[in-house]
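Shown below: query-v9.cif, with mmCIF, C-alpha atoms and all ligand atoms.
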data_model
#
loop_
_atom_site.label_atom_id
_atom_site.label_comp_id
_atom_site.auth_asym_id
_atom_site.auth_seq_id
_atom_site.Cartn_x
_atom_site.Cartn_y
_atom_site.Cartn_z
CA MET A 130 124.05 108.85 101.29
CA ILE A 131 124.84 105.15 101.62
CA LYS A 132 128.05 103.86 100.02
CA THR A 133 129.58 100.43 100.53
CA PRO A 134 132.54 98.59 98.93
CA ILE A 135 130.28 96.98 96.32
CA CYS A 136 129.35 100.37 94.84
CA GLU A 137 132.90 100.79 93.59
CA LEU A 138 133.39 97.09 92.82
CA PHE A 139 130.41 96.99 90.43
CA GLY A 140 130.30 100.66 89.37
CA ILE A 141 126.86 101.27 90.88
CA GLU A 142 125.41 104.19 92.85
CA TYR A 143 123.26 102.21 95.33
CA PRO A 144 124.32 98.82 96.77
CA VAL A 145 121.27 96.96 95.46
CA PHE A 146 120.95 94.14 92.92
CA GLN A 147 117.71 93.20 91.22
CA GLY A 148 117.12 89.46 91.63
CA GLY A 149 117.31 87.44 88.40
CA MET A 150 113.69 86.36 88.06
CA ALA A 151 113.04 83.63 85.49
CA TRP A 152 110.57 84.67 82.74
CA ILE A 153 110.38 88.11 84.41
CA GLY A 154 113.80 89.77 84.49
CA ASP A 155 114.13 91.07 80.92
CA ALA A 156 116.30 93.77 79.32
CA GLU A 157 113.78 96.54 80.07
CA LEU A 158 113.59 95.83 83.80
CA ALA A 159 117.36 95.32 84.06
CA ALA A 160 118.08 98.59 82.22
CA ALA A 161 115.56 100.50 84.38
CA VAL A 162 117.20 99.25 87.60
CA SER A 163 120.69 100.02 86.27
CA ASN A 164 119.64 103.48 85.06
CA ALA A 165 118.25 104.11 88.56
CA GLY A 166 121.67 103.36 90.07
CA GLY A 167 121.27 99.72 91.13
CA LEU A 168 122.46 96.60 89.29
CA GLY A 169 119.77 95.35 86.91
CA ILE A 170 119.89 91.67 86.03
CA ILE A 171 118.57 89.79 83.00
CA SER A 172 117.42 86.24 83.72
CA ALA A 173 118.92 83.66 81.35
CA MET A 174 116.70 80.93 82.78
CA ASN A 175 114.20 80.62 79.98
CA SER A 176 116.48 81.64 77.15
CA SER A 177 118.31 79.70 74.53
CA GLY A 178 121.70 81.30 73.82
CA GLU A 179 120.57 83.43 70.88
CA ARG A 180 117.52 84.72 72.70
CA LEU A 181 119.71 85.74 75.63
CA ARG A 182 122.14 87.46 73.24
CA LYS A 183 119.27 89.61 71.93
CA GLU A 184 118.21 90.56 75.48
CA ILE A 185 121.81 91.50 76.35
CA GLN A 186 122.11 93.64 73.22
CA LYS A 187 118.77 95.29 74.01
CA ALA A 188 119.95 96.11 77.55
CA LYS A 189 123.13 97.64 76.11
CA SER A 190 120.96 99.87 73.90
CA LEU A 191 118.85 100.97 76.89
CA THR A 192 121.60 101.74 79.40
CA ASP A 193 125.27 102.62 79.47
CA LYS A 194 125.45 101.55 83.11
CA PRO A 195 126.68 98.11 84.26
CA PHE A 196 124.13 95.29 84.35
CA GLY A 197 124.23 91.56 84.95
CA VAL A 198 122.92 88.21 83.70
CA ASN A 199 121.64 85.55 86.08
CA ILE A 200 122.39 81.99 85.04
CA MET A 201 120.29 79.28 86.66
CA LEU A 202 122.64 76.32 86.77
CA MET A 203 119.84 73.75 86.39
CA SER A 204 118.80 75.36 83.08
CA PRO A 205 119.05 73.09 80.03
CA HIS A 206 120.83 75.94 78.21
CA VAL A 207 123.54 76.50 80.82
CA GLU A 208 126.57 75.55 78.66
CA GLU A 209 125.40 77.75 75.80
CA VAL A 210 124.53 80.80 77.93
CA ALA A 211 127.82 80.47 79.86
CA LYS A 212 129.59 81.13 76.52
CA ILE A 213 127.26 83.91 75.35
CA VAL A 214 127.97 86.07 78.43
CA VAL A 215 131.68 85.88 77.54
CA GLU A 216 131.11 86.74 73.88
CA GLU A 217 128.85 89.65 74.82
CA GLN A 218 131.24 90.87 77.56
CA VAL A 219 128.49 91.13 80.14
CA PRO A 220 129.84 93.14 83.12
CA VAL A 221 128.43 90.88 85.89
CA VAL A 222 127.18 87.27 86.09
CA THR A 223 125.17 85.97 89.02
CA THR A 224 124.36 82.26 89.31
CA GLY A 225 121.73 80.27 91.16
CA ALA A 226 120.72 76.75 92.12
CA GLY A 227 124.15 75.14 92.15
CA ASN A 228 127.92 75.44 92.24
CA PRO A 229 129.30 77.49 89.30
CA ALA A 230 133.01 76.81 90.10
CA LYS A 231 133.76 75.14 86.75
CA TYR A 232 132.64 78.23 84.77
CA ILE A 233 134.41 80.83 86.92
CA PRO A 234 137.90 80.71 85.29
CA ALA A 235 136.51 81.47 81.78
CA TRP A 236 134.27 84.25 83.10
CA LYS A 237 137.10 85.83 85.09
CA GLU A 238 139.40 85.64 82.07
CA ALA A 239 136.79 87.60 80.10
CA GLY A 240 136.82 90.30 82.80
CA ILE A 241 133.34 89.41 84.09
CA LYS A 242 132.57 89.99 87.77
CA VAL A 243 131.14 86.75 89.17
CA VAL A 244 128.64 86.74 92.03
CA PRO A 245 127.13 83.33 92.85
CA VAL A 246 123.96 83.02 94.92
CA VAL A 247 124.62 80.62 97.80
CA ALA A 248 122.35 79.08 100.40
CA SER A 249 125.05 77.62 102.68
CA THR A 250 128.53 78.45 104.00
CA GLY A 251 129.97 75.37 102.26
CA VAL A 252 129.11 76.58 98.75
CA ALA A 253 130.13 80.14 99.73
CA LYS A 254 133.63 78.90 100.61
CA LEU A 255 133.86 76.81 97.42
CA VAL A 256 132.99 79.72 95.13
CA ALA A 257 135.22 82.15 97.04
CA ARG A 258 138.12 79.73 96.54
CA ALA A 259 137.21 79.42 92.85
CA GLY A 260 137.59 83.20 92.41
CA ALA A 261 134.11 84.71 92.91
CA ASP A 262 134.17 88.51 93.40
CA ALA A 263 131.30 88.53 95.93
CA VAL A 264 128.49 86.20 97.04
CA ILE A 265 124.78 86.68 97.45
CA ALA A 266 123.62 84.86 100.60
CA GLU A 267 119.98 84.09 99.92
CA GLY A 268 117.67 82.94 102.71
CA GLY A 269 114.54 80.86 102.27
CA GLU A 270 112.27 83.91 102.59
CA SER A 271 112.94 84.61 98.93
CA GLY A 272 110.76 83.57 96.03
CA GLY A 273 111.51 80.72 93.67
CA HIS A 274 114.08 78.03 94.35
CA VAL A 275 115.12 78.28 98.01
CA GLY A 276 117.60 76.75 100.44
CA GLU A 277 116.79 75.68 104.02
CA LEU A 278 118.25 78.55 106.05
CA THR A 279 116.69 81.93 106.79
CA THR A 280 118.45 85.16 105.84
CA MET A 281 118.88 85.98 109.55
CA VAL A 282 121.07 82.93 110.19
CA LEU A 283 122.65 82.50 106.75
CA VAL A 284 124.07 86.00 106.20
CA PRO A 285 126.23 86.29 109.37
CA GLN A 286 127.55 82.75 108.93
CA VAL A 287 128.49 83.41 105.29
CA CYS A 288 130.13 86.68 106.38
CA ASP A 289 132.23 84.71 108.87
CA ALA A 290 133.07 82.04 106.29
CA VAL A 291 134.45 84.21 103.45
CA THR A 292 136.48 87.39 103.03
CA ILE A 293 134.80 88.57 99.79
CA PRO A 294 131.83 90.99 100.04
CA VAL A 295 128.48 89.46 100.97
CA ILE A 296 125.15 90.65 99.56
CA ALA A 297 122.03 89.70 101.56
CA ALA A 298 118.91 88.39 99.82
CA GLY A 299 115.60 86.86 100.85
CA GLY A 300 113.00 88.77 102.83
CA ILE A 301 114.31 92.22 101.94
CA GLY A 302 111.67 94.59 100.61
CA ASP A 303 112.29 97.99 102.18
CA GLY A 304 114.85 100.15 103.97
CA ARG A 305 114.49 98.23 107.22
CA GLY A 306 115.59 95.09 105.40
CA ILE A 307 118.59 96.88 103.92
CA ALA A 308 119.61 98.17 107.37
CA ALA A 309 119.14 94.67 108.84
CA GLY A 310 121.31 93.19 106.07
CA PHE A 311 124.08 95.65 106.98
CA MET A 312 123.73 94.75 110.69
CA LEU A 313 124.26 91.09 109.76
CA GLY A 314 127.51 91.98 107.99
CA ALA A 315 126.35 92.31 104.37
CA VAL A 316 127.50 95.26 102.24
CA GLY A 317 124.60 95.14 99.80
CA VAL A 318 121.20 93.62 99.18
CA GLN A 319 119.37 91.85 96.39
CA MET A 320 115.60 92.21 95.94
CA GLY A 321 113.33 90.34 93.55
CA THR A 322 109.69 90.58 94.61
CA ARG A 323 109.75 94.38 95.16
CA PHE A 324 111.12 94.90 91.62
CA LEU A 325 108.52 92.50 90.17
CA VAL A 326 105.91 95.25 90.61
CA ALA A 327 108.14 97.95 89.11
CA LYS A 328 106.41 99.92 86.34
CA GLU A 329 109.15 98.84 83.93
CA CYS A 330 108.58 95.15 84.73
CA ASN A 331 106.77 93.44 81.84
CA VAL A 332 105.40 90.52 83.87
CA HIS A 333 101.68 89.85 83.26
CA PRO A 334 99.46 92.38 85.15
CA VAL A 335 97.64 89.50 86.89
CA TYR A 336 100.97 88.48 88.50
CA LYS A 337 101.58 92.04 89.76
CA GLU A 338 98.02 92.22 91.10
CA LYS A 339 98.50 88.98 93.03
CA ILE A 340 101.70 90.30 94.67
CA LEU A 341 100.05 93.63 95.54
CA LYS A 342 97.10 91.80 97.16
CA ALA A 343 99.24 89.23 99.03
CA ASN A 344 99.58 89.26 102.80
CA ASP A 345 102.28 87.98 105.16
CA ILE A 346 101.17 84.33 104.95
CA ALA A 347 100.44 84.31 101.22
CA THR A 348 103.35 82.05 100.17
CA MET A 349 104.18 78.36 100.57
CA THR A 350 106.86 75.99 99.29
CA THR A 351 106.35 73.16 96.82
CA GLY A 352 108.87 70.73 95.31
CA ARG A 353 110.27 69.28 98.54
CA ARG A 354 109.70 65.77 97.15
CA PHE A 355 112.45 66.44 94.59
CA GLY A 356 114.76 68.20 97.06
CA HIS A 357 114.22 71.54 95.28
CA PRO A 358 111.78 73.60 97.31
CA VAL A 359 110.25 76.50 95.40
CA ARG A 360 108.44 79.39 97.14
CA VAL A 361 105.23 80.39 95.37
CA LEU A 362 102.02 82.24 96.14
CA LYS A 363 99.39 79.98 97.72
CA THR A 364 96.91 79.28 94.94
CA PRO A 365 94.57 76.33 94.38
CA PHE A 366 97.13 75.07 91.79
CA ALA A 367 100.03 75.26 94.29
CA LYS A 368 97.97 73.54 97.00
CA GLU A 369 96.97 70.75 94.61
CA TYR A 370 100.62 70.36 93.54
CA GLN A 371 101.63 70.01 97.20
CA ARG A 372 98.87 67.45 97.80
CA LEU A 373 100.07 65.38 94.81
CA GLU A 374 103.73 65.52 95.80
CA PHE A 375 102.93 63.98 99.18
CA ASP A 376 100.65 61.36 97.59
CA ARG A 377 102.54 58.07 97.20
CA ASN A 378 100.35 57.06 94.27
CA THR A 379 101.57 59.98 92.14
CA THR A 380 104.65 59.14 90.07
CA ASP A 381 107.53 61.60 89.55
CA GLU A 382 106.65 61.71 85.83
CA GLN A 383 103.06 62.70 86.64
CA MET A 384 104.37 65.45 88.93
CA GLU A 385 106.66 66.82 86.23
CA GLY A 386 103.83 66.83 83.71
CA TYR A 387 101.59 68.65 86.16
CA ALA A 388 104.00 71.55 86.71
CA ALA A 389 105.62 71.78 83.26
CA GLY A 390 105.68 75.32 81.98
CA SER A 391 103.77 76.65 84.99
CA LEU A 392 106.15 79.56 85.63
CA ARG A 393 105.84 80.76 82.04
CA LEU A 394 102.06 80.41 82.29
CA ALA A 395 102.06 82.69 85.36
CA ALA A 396 104.56 85.30 84.16
CA VAL A 397 103.64 85.52 80.48
CA GLU A 398 99.98 84.43 80.32
CA GLY A 399 98.81 85.42 83.82
CA ASP A 400 97.16 81.98 83.99
CA VAL A 401 95.62 81.78 87.48
CA LYS A 402 94.55 78.14 87.02
CA GLN A 403 97.84 76.51 85.96
CA GLY A 404 100.44 79.18 86.72
CA SER A 405 103.16 79.05 89.42
CA PHE A 406 103.42 82.55 90.88
CA MET A 407 106.85 82.56 92.51
CA SER A 408 107.11 85.19 95.24
CA GLY A 409 109.12 86.05 98.32
CA GLN A 410 107.61 86.34 101.78
CA ILE A 411 107.85 90.14 101.62
CA ALA A 412 104.92 90.19 99.14
CA GLY A 413 102.72 91.36 102.02
CA MET A 414 104.83 94.54 102.27
CA VAL A 415 104.57 95.44 98.58
CA LYS A 416 101.65 97.81 98.26
CA LYS A 417 102.20 99.90 95.15
CA GLU A 418 103.55 99.85 91.62
CA GLN A 419 106.44 102.35 91.31
CA THR A 420 109.24 103.00 88.86
CA ALA A 421 112.56 101.29 89.60
CA LYS A 422 113.97 104.75 90.41
CA GLU A 423 111.18 105.48 92.92
CA ILE A 424 111.68 102.08 94.57
CA ILE A 425 115.45 102.51 94.93
CA GLU A 426 115.28 106.10 96.16
CA GLU A 427 112.54 105.26 98.67
CA ILE A 428 114.24 102.21 100.18
CA PHE A 429 117.61 103.93 100.56
CA GLU A 430 116.00 106.97 102.15
CA GLU A 431 114.29 104.59 104.62
CA ALA A 432 117.55 102.70 105.21
CA GLU A 433 119.37 105.93 106.00
CA ALA A 434 116.70 106.90 108.53
CA VAL A 435 116.76 103.46 110.18
CA LEU A 436 120.56 103.32 110.30
CA GLY A 437 120.63 106.84 111.74
CA THR A 438 118.71 105.66 114.81
CA SER A 439 120.34 102.22 115.05
CA GLY A 440 122.34 103.10 118.15
CA ARG A 441 119.38 104.45 120.11
CA TRP A 442 119.15 101.64 122.64
CA VAL A 443 122.86 101.70 123.41
CA VAL A 444 123.23 103.29 126.85
CA LYS A 445 126.49 105.19 127.26
O1 LIG B 1 117.99 80.16 91.81
C1 LIG B 1 117.33 80.77 92.61
N1 LIG B 1 116.00 80.94 92.49
C2 LIG B 1 115.24 80.49 91.46
S1 LIG B 1 115.78 79.65 90.11
C3 LIG B 1 114.24 79.54 89.51
S2 LIG B 1 113.86 78.77 88.04
C4 LIG B 1 113.12 77.33 88.54
N2 LIG B 1 113.50 76.73 89.65
C5 LIG B 1 112.94 75.60 90.04
C6 LIG B 1 111.93 75.04 89.32
C7 LIG B 1 111.50 75.67 88.19
C8 LIG B 1 112.09 76.83 87.80
C9 LIG B 1 113.39 80.15 90.36
N3 LIG B 1 113.96 80.66 91.42
N4 LIG B 1 117.89 81.35 93.70
C10 LIG B 1 119.26 81.22 93.98
C11 LIG B 1 119.51 80.07 94.87
N5 LIG B 1 120.54 79.29 94.74
N6 LIG B 1 118.78 79.70 95.92
C12 LIG B 1 119.38 78.61 96.46
C13 LIG B 1 120.51 78.37 95.70
C14 LIG B 1 121.51 77.37 95.82
C15 LIG B 1 121.22 76.08 96.25
C16 LIG B 1 122.22 75.13 96.31
C17 LIG B 1 122.82 77.69 95.46
C18 LIG B 1 123.81 76.74 95.52
C19 LIG B 1 123.50 75.48 95.93
O2 LIG B 1 124.52 74.60 95.94
C20 LIG B 1 124.27 73.25 96.08
C21 LIG B 1 125.17 72.49 95.14
O3 LIG B 1 124.68 72.18 94.05
O4 LIG B 1 126.34 72.29 95.49
#
For the structure just supplied, provide its representation as structure tokens.
Ligand code: TUI
Amino acid sequence: MIKTPICELFGIEYPVFQGGMAWIGDAELAAAVSNAGGLGIISAMNSSGERLRKEIQKAKSLTDKPFGVNIMLMSPHVEEVAKIVVEEQVPVVTTGAGNPAKYIPAWKEAGIKVVPVVASTGVAKLVARAGADAVIAEGGESGGHVGELTTMVLVPQVCDAVTIPVIAAGGIGDGRGIAAGFMLGAVGVQMGTRFLVAKECNVHPVYKEKILKANDIATMTTGRRFGHPVRVLKTPFAKEYQRLEFDRNTTDEQMEGYAAGSLRLAAVEGDVKQGSFMSGQIAGMVKKEQTAKEIIEEIFEEAEAVLGTSGRWVVK
């Protein structure tokens, strides 16, 4: 059995969070992950406040275990959803794509555990000082909006920078990744792409199929022109987007128009022509659709086996 300090801190059986995937992480996926002993997370990204409230209430009806809400700080609804999580007494809030320090006092006062995703030691220290309960150090191997550092170099440096628990994310898709995260000093992991193909995940079947067929070099990043790189599956649409962003004759407005709504088109419509299929680099390791319970049990069994042999090259 694997137990770390975050199991007790968050009231979970296995030290694994489900990444808060925009347009994908709904109440059903979050409840399935929580019922399986991990921490399921609803994405607030695409929701207005009232829509998020309904998802939270649905999750409460599907599980009596703790779950979380991920708030993307660049979302137009951020102020509204920051209040809804307090009103609904959500057990855990994770944040992404920015510094959540100004919201932390109100969340802490409401008894919410706050776990920001960080991509640098600087932001890790800021949020720790502001009262965060733990941080998720997410390397650029992950899907969606990414920082510059890899998980391998980010996690140990964040562990050295803060005293709160560190959860590793980015490039983790099986038990070897969990074991590696522990070796780097983390006491838990977060996975997105592996849970995207969970049976309980309601993403469009075309999206799941694309992840299951992907190989090791199937992803690329777009959005560098705006300073917000986003990791997506390599598709003709993503390649054309990248060509346009490096073309001086394309205006920023044209770029925005080109990509508007593309994540929803991928996740909800399965639109292969205009959809942005965000995915982590571990897509090449995801080979089958399983229930959240099967995924969690399998990866922790693997992690235990790997950790059991981790001292084998140490000569006494
Ligand atoms: O947030 C994510 N991943 C996401 S959000 C998203 S929705 C979207 N994003 C872009 C375009 C369209 C839709 C898809 N994927 N991951 C967490 C994360 N946070 N990664 C990196 C960071 C981060 C970056 C800078 C956290 C803090 C930070 O601080 C800088 C600052 O603002 O001080």
Shell of 12 Å around Lys402 (chain A), all atoms listed in the file, local chain residues under 6 positions omitted, as a short mmCIF file (atom, residue, chain, number, x, y, z; two decimals) with C-alpha atoms, keeping the file's coordinate frame:
data_model
loop_
_atom_site.label_atom_id
_atom_site.label_comp_id
_atom_site.auth_asym_id
_atom_site.auth_seq_id
_atom_site.Cartn_x
_atom_site.Cartn_y
_atom_site.Cartn_z
CA VAL A 335 97.64 89.50 86.89
CA LYS A 363 99.39 79.98 97.72
CA THR A 364 96.91 79.28 94.94
CA PRO A 365 94.57 76.33 94.38
CA PHE A 366 97.13 75.07 91.79
CA ALA A 367 100.03 75.26 94.29
CA LYS A 368 97.97 73.54 97.00
CA GLU A 369 96.97 70.75 94.61
CA TYR A 370 100.62 70.36 93.54
CA TYR A 387 101.59 68.65 86.16
CA ALA A 388 104.00 71.55 86.71
CA SER A 391 103.77 76.65 84.99
CA LEU A 392 106.15 79.56 85.63
CA LEU A 394 102.06 80.41 82.29
CA ALA A 395 102.06 82.69 85.36
#
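CA of Gly409 (chain A) is found 10.4 Å from CA of Ala343 (chain A).
Using all atoms listed in the file, residues with at least one atom at most 6 Å away from any atom of ligand LIG 1 (chain B) are A:Ala151, A:Met201, A:Gly225, A:Ala226, A:Gly227, A:Asn228, A:Val246, A:Val247, A:Ala248, A:Val252, A:Gly273, A:His274, A:Val275, A:Gly276.
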Neighbour list for Tyr336 (chain A) as an MDAnalysis selection string, cut-off 7 Å, all atoms listed in the file, skip fewer than 6 positions in-chain: chainID A and resid 395:396 399 406
Interatomic distance, CA of Glu277 (chain A) to CA of Pro144 (chain A) (Å, one decimal): 25.4 Å
CA of Glu338 (chain A) to CA of Lys416 (chain A), distance in Å rounded to a single decimal: 9.8 Å
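Nearest to Ala309 (chain A) of all the residues A:Val435, A:Val214, A:Met384, A:Gly140 is A:Val435, counting only C-alpha atoms.
In this comparison, which uses only C-alpha atoms, the residue of A:Gln286, A:Gln186, A:Met130, A:Lys417 approaching Leu436 (chain A) most closely is A:Met130.
The smallest atom-to-atom distance between Ala327 (chain A) and any of A:Thr224, A:Ser249, A:Ser408, A:Gln419, using all atoms listed in the file, is found for A:Gln419.
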Contact residues around region 310-320 of chain A with all atoms listed in the file at 8 Å, ignoring same-chain residues under 6 positions, as a ChimeraX atom specification: /A:133-135,144-148,265,281,284-285,288,294-299,301-302
Residues from the last selection, C-alpha atoms, saved as a short mmCIF file (atom, residue, chain, number, x, y, z; two decimals), in the coordinates of the input:
data_model
loop_
_atom_site.label_atom_id
_atom_site.label_comp_id
_atom_site.auth_asym_id
_atom_site.auth_seq_id
_atom_site.Cartn_x
_atom_site.Cartn_y
_atom_site.Cartn_z
CA THR A 133 129.58 100.43 100.53
CA PRO A 134 132.54 98.59 98.93
CA ILE A 135 130.28 96.98 96.32
CA PRO A 144 124.32 98.82 96.77
CA VAL A 145 121.27 96.96 95.46
CA PHE A 146 120.95 94.14 92.92
CA GLN A 147 117.71 93.20 91.22
CA GLY A 148 117.12 89.46 91.63
CA ILE A 265 124.78 86.68 97.45
CA MET A 281 118.88 85.98 109.55
CA VAL A 284 124.07 86.00 106.20
CA PRO A 285 126.23 86.29 109.37
CA CYS A 288 130.13 86.68 106.38
CA PRO A 294 131.83 90.99 100.04
CA VAL A 295 128.48 89.46 100.97
CA ILE A 296 125.15 90.65 99.56
CA ALA A 297 122.03 89.70 101.56
CA ALA A 298 118.91 88.39 99.82
CA GLY A 299 115.60 86.86 100.85
CA ILE A 301 114.31 92.22 101.94
CA GLY A 302 111.67 94.59 100.61
#
Counting all atoms listed in the file, select every polymer residue within 10 Å of (124.4, 94.2, 83.3) as defined in the file's coordinates, and provide the selection as a CSV table (one decimal) with C-alpha atoms, in the coordinates of the input.
chain,number,residue,atom,x,y,z
A,139,PHE,CA,130.4,97.0,90.4
A,156,ALA,CA,116.3,93.8,79.3
A,159,ALA,CA,117.4,95.3,84.1
A,160,ALA,CA,118.1,98.6,82.2
A,162,VAL,CA,117.2,99.2,87.6
A,163,SER,CA,120.7,100.0,86.3
A,168,LEU,CA,122.5,96.6,89.3
A,169,GLY,CA,119.8,95.4,86.9
A,170,ILE,CA,119.9,91.7,86.0
A,171,ILE,CA,118.6,89.8,83.0
A,185,ILE,CA,121.8,91.5,76.4
A,188,ALA,CA,120.0,96.1,77.6
A,189,LYS,CA,123.1,97.6,76.1
A,192,THR,CA,121.6,101.7,79.4
A,193,ASP,CA,125.3,102.6,79.5
A,194,LYS,CA,125.4,101.6,83.1
A,195,PRO,CA,126.7,98.1,84.3
A,196,PHE,CA,124.1,95.3,84.4
A,197,GLY,CA,124.2,91.6,85.0
A,198,VAL,CA,122.9,88.2,83.7
A,199,ASN,CA,121.6,85.6,86.1
A,218,GLN,CA,131.2,90.9,77.6
A,219,VAL,CA,128.5,91.1,80.1
A,220,PRO,CA,129.8,93.1,83.1
A,221,VAL,CA,128.4,90.9,85.9
A,222,VAL,CA,127.2,87.3,86.1
Output region 171-192 of chain A with N, CA and C atoms present, as a PDB file, keeping the file's coordinate frame.
ATOM      1  N   ILE A 171     119.396  90.528  83.954  1.00  0.00           N
ATOM      2  CA  ILE A 171     118.570  89.790  83.000  1.00  0.00           C
ATOM      3  C   ILE A 171     118.601  88.312  83.402  1.00  0.00           C
ATOM      4  N   SER A 172     117.444  87.664  83.418  1.00  0.00           N
ATOM      5  CA  SER A 172     117.420  86.240  83.720  1.00  0.00           C
ATOM      6  C   SER A 172     117.663  85.437  82.449  1.00  0.00           C
ATOM      7  N   ALA A 173     118.636  84.508  82.509  1.00  0.00           N
ATOM      8  CA  ALA A 173     118.920  83.660  81.350  1.00  0.00           C
ATOM      9  C   ALA A 173     118.115  82.373  81.421  1.00  0.00           C
ATOM     10  N   MET A 174     117.367  82.205  82.480  1.00  0.00           N
ATOM     11  CA  MET A 174     116.700  80.930  82.780  1.00  0.00           C
ATOM     12  C   MET A 174     115.943  80.335  81.598  1.00  0.00           C
ATOM     13  N   ASN A 175     115.099  81.152  80.997  1.00  0.00           N
ATOM     14  CA  ASN A 175     114.200  80.620  79.980  1.00  0.00           C
ATOM     15  C   ASN A 175     114.766  80.761  78.567  1.00  0.00           C
ATOM     16  N   SER A 176     115.991  81.290  78.477  1.00  0.00           N
ATOM     17  CA  SER A 176     116.480  81.640  77.150  1.00  0.00           C
ATOM     18  C   SER A 176     117.409  80.597  76.560  1.00  0.00           C
ATOM     19  N   SER A 177     117.268  80.380  75.279  1.00  0.00           N
ATOM     20  CA  SER A 177     118.310  79.700  74.530  1.00  0.00           C
ATOM     21  C   SER A 177     119.403  80.764  74.373  1.00  0.00           C
ATOM     22  N   GLY A 178     120.593  80.355  73.936  1.00  0.00           N
ATOM     23  CA  GLY A 178     121.700  81.300  73.820  1.00  0.00           C
ATOM     24  C   GLY A 178     121.368  82.525  72.980  1.00  0.00           C
ATOM     25  N   GLU A 179     120.787  82.307  71.799  1.00  0.00           N
ATOM     26  CA  GLU A 179     120.570  83.430  70.880  1.00  0.00           C
ATOM     27  C   GLU A 179     119.525  84.392  71.411  1.00  0.00           C
ATOM     28  N   ARG A 180     118.539  83.853  72.116  1.00  0.00           N
ATOM     29  CA  ARG A 180     117.520  84.720  72.700  1.00  0.00           C
ATOM     30  C   ARG A 180     118.138  85.594  73.793  1.00  0.00           C
ATOM     31  N   LEU A 181     119.026  84.977  74.575  1.00  0.00           N
ATOM     32  CA  LEU A 181     119.710  85.740  75.630  1.00  0.00           C
ATOM     33  C   LEU A 181     120.577  86.827  75.000  1.00  0.00           C
ATOM     34  N   ARG A 182     121.270  86.481  73.907  1.00  0.00           N
ATOM     35  CA  ARG A 182     122.140  87.460  73.240  1.00  0.00           C
ATOM     36  C   ARG A 182     121.321  88.704  72.861  1.00  0.00           C
ATOM     37  N   LYS A 183     120.119  88.470  72.339  1.00  0.00           N
ATOM     38  CA  LYS A 183     119.270  89.610  71.930  1.00  0.00           C
ATOM     39  C   LYS A 183     118.889  90.466  73.138  1.00  0.00           C
ATOM     40  N   GLU A 184     118.574  89.807  74.272  1.00  0.00           N
ATOM     41  CA  GLU A 184     118.210  90.560  75.480  1.00  0.00           C
ATOM     42  C   GLU A 184     119.404  91.397  75.964  1.00  0.00           C
ATOM     43  N   ILE A 185     120.603  90.789  75.913  1.00  0.00           N
ATOM     44  CA  ILE A 185     121.810  91.500  76.350  1.00  0.00           C
ATOM     45  C   ILE A 185     122.028  92.731  75.458  1.00  0.00           C
ATOM     46  N   GLN A 186     121.887  92.523  74.148  1.00  0.00           N
ATOM     47  CA  GLN A 186     122.110  93.640  73.220  1.00  0.00           C
ATOM     48  C   GLN A 186     121.060  94.728  73.420  1.00  0.00           C
ATOM     49  N   LYS A 187     119.834  94.320  73.744  1.00  0.00           N
ATOM     50  CA  LYS A 187     118.770  95.290  74.010  1.00  0.00           C
ATOM     51  C   LYS A 187     119.109  96.100  75.269  1.00  0.00           C
ATOM     52  N   ALA A 188     119.586  95.404  76.306  1.00  0.00           N
ATOM     53  CA  ALA A 188     119.950  96.110  77.550  1.00  0.00           C
ATOM     54  C   ALA A 188     121.063  97.124  77.271  1.00  0.00           C
ATOM     55  N   LYS A 189     122.030  96.716  76.438  1.00  0.00           N
ATOM     56  CA  LYS A 189     123.130  97.640  76.110  1.00  0.00           C
ATOM     57  C   LYS A 189     122.614  98.884  75.396  1.00  0.00           C
ATOM     58  N   SER A 190     121.513  98.717  74.619  1.00  0.00           N
ATOM     59  CA  SER A 190     120.960  99.870  73.900  1.00  0.00           C
ATOM     60  C   SER A 190     120.144 100.764  74.835  1.00  0.00           C
ATOM     61  N   LEU A 191     119.713 100.207  75.980  1.00  0.00           N
ATOM     62  CA  LEU A 191     118.850 100.970  76.890  1.00  0.00           C
ATOM     63  C   LEU A 191     119.597 101.619  78.056  1.00  0.00           C
ATOM     64  N   THR A 192     120.814 101.148  78.295  1.00  0.00           N
ATOM     65  CA  THR A 192     121.600 101.740  79.400  1.00  0.00           C
ATOM     66  C   THR A 192     123.090 101.695  79.074  1.00  0.00           C
TER      67      THR A 192
END
